[in-house]
Amino acid sequence: MGLHDECGVVGIYGAENAASLSYFALESLQHRGQESAGIAVSNGQEIHLHKGMGLVTEVFEQSHFEQLQGKISVAHVRYATAGGRTIENAQPFLNTFKLGGIALAHNGQLVNYEPLREMLEDSGCTFISTSDTEVILKLIARSYKKGLENAVINTIQLIKGSYALCLMTEDTLIGVRDPNGIRPLCLGKVGDGYILASESCAIDSVNGDFIRDILPGEIVIINKDGIKSINIEEKTKKQTCIFEYVYFARPDSIIDGIPVQESRYRLGEVLAEESSVDADVVIGVPDSGIGAAQGYSKKSGIPYVTGIIKNKYIGRTFIAPTQKERENLVYVKLNAIRSDLEGKRVIVIDDSIVRGTTSRRLVQILRRAGAKEVHFRVSSAPVKFPCYLGIDTPSKNELISSMHDVDEICKEIGADSLAFISLEGMIKAFGKDTFCKGCFCGEYPVAGK
C-alpha cells in the first residue's frame, strides 16, 4: 500500500454511445486513478470535452452526456505524478486549431519532458498545464500538416519514457504503446466498433470482446478503413512494469497474456516456499494482497481466512491535512475480523512496504483484534528506488527498504517476523523475465532525466 499508478486510458471508435461506454470503462479503471476524470467525444464535425476533479461518478452527471454525442471518444482517470493535482492537469487534453481538433489521454511519464517543453516554448508554444501530456499533444499538433499518421510517428520518435496513449481527431482513433511496453494497452471489439483500454477488465465492463494487447512500440490507427498497425521502433526488450501484476491492475485483467490473479497466486506460492513460518491462519491485505495470500495458503497448507475487511466507500483523503491524520485513515479503511484472528498466530500478506507507516498500523489493528503473533510477508521484493516512469513513489530517503534492512523494518512495523519475496522468486513466479524491475534494483529500461 502507498504506491499509485498514474492513470487509466480508454478509446472508443464506431459505437453509437461512445461517451456512455467510456464512462463505464472508466469506472472499471477507477483503481488506476481517483484525482480526476474526463471524456472527449467527436460527432464527426467537432470534439466536445467534459472533465473535472474527483471520481468518475462525481465528475459526470446525466446532463453532460447530452453534449457528449458521437461515435469516437477518448477518456481518462488520473492519479497525479508529472504535474500537480489541479483541473488544468486533468485529461484528456484537447487542442483545436485550423486543421481540426486532437484530444489525447496518456498513462505514463516522459523522462525528457522538460527539454521538449523548453523547445516548444522557444518556438512560440504556450501551455495551460504542467503536464507532460500537453507536451505530447503540442508535438503532434506541430507536425499535423504532414498528416496525422506522420505527426504521430514524428512525435513518438522524440518522446522518451513510459506511455500508453489514446488520441482522436474528428474521424480517427489512435492507440500507441511505448517501445518497452512499460504501460499496458489492449484492443477489443465492442458492438460494431472497437475499444482501446489500459486493462482488459474495461473491455469486459462494456460487454466487449478482447482481441489482443497492443505491442510495445506499436501504433494502431482505427478509422473508416478499419485497423492499421505500424511498428516503427527497432526491436526493444519488452519490460512491462512488474507492479501492474503485483498491485495496480485489477485481478480480473489479463496483461500481455498473463492473468493478473494467477500471477498473484504464484507470487504467494513462491513466498511460502521461501519464507515459511508456523502459524494458524493466513490473511491478505485487501485488495491486491488477497491473491498472494490464497497462493501462500495453498502452498503452505495453512488455512486462509478473510481476517481484514476494507471499507470500499472511503472518500478521497485530502480532507486529512496532516501526515498523522492521513496515516490514521488506515484505521477507517481497514478493520480486523476478531473471530478470525483472536488467539491465533497470523501470517499477513501485503503486496509491498513503501514507507512502513501503513504496515505498522496494520500490525496494530491485528494485535488489537487479539492476534497472538503477527508474521508479515510481502509479495514483492523490497522497494529501494523511486520510479520516474509513471508511478508515484516517494523519494529514496522515504522508502523504508532503501534506508533499513529487514530486521530493522520488522522492528519498525512491530511484527514478530518479516520476509519479502526475493527478486529471483518473483521472476520464478512469472516463469519469464520481461519486466521493468527498476524500483527493486535501480536499473530502468529508459535512461533517467
# chains A, B, ... in the order shown; residues from 1 in each chain; ligands from 1

$ select_by_dssp --residues "segment 225-307 of chain A" --states "helix (DSSP H, G or I)" --output "PyMOL selection string"
chain A and resi 243-248+260-274+290-300

$ select_by_dssp --residues "segment 45-130 of chain A" --states "strand (DSSP E)" --output "ChimeraX atom specification"
/A:47-53,72-78,93-97,100-110

$ residues_around --residues "Ile195 of chain A" --least-positions-apart "6" --cutoff "12 Å" --atoms "only C-alpha atoms" --output "number ranges by chain"
A: 9-15, 18-19, 21-22, 25, 71-75, 166, 173-175, 185-189, 201-214, 220-222, 227

$ residues_around --residues "Leu29 of chain A" --least-positions-apart "3" --cutoff "8 Å" --atoms "only C-alpha atoms" --output "list in words"
Gly8, Ala25, Leu26, Arg32, Gly33, Val77, Ser198, Glu199, Cys201 and Ala202 of chain A

$ residues_around --residues "Ile140 of chain A" --least-positions-apart "6" --cutoff "7 Å" --atoms "only C-alpha atoms" --output "count of residues only"
3

$ residues_around --residues "segment 242-250 of chain A" --least-positions-apart "2" --cutoff "7 Å" --atoms "only C-alpha atoms" --output "list of chain:residue names"
A:Asp5, A:Arg32, A:Thr240, A:Asp252, A:Ser253, A:Val260, A:Ser263, A:Arg264, A:Ser288, A:Asp351, A:Ser380, A:Phe435, A:Cys436, A:Lys437

$ atom_distance --atom1 "atom CA of Gly101 of chain A" --atom2 "atom CA of Ile47 of chain A"
6.7 Å
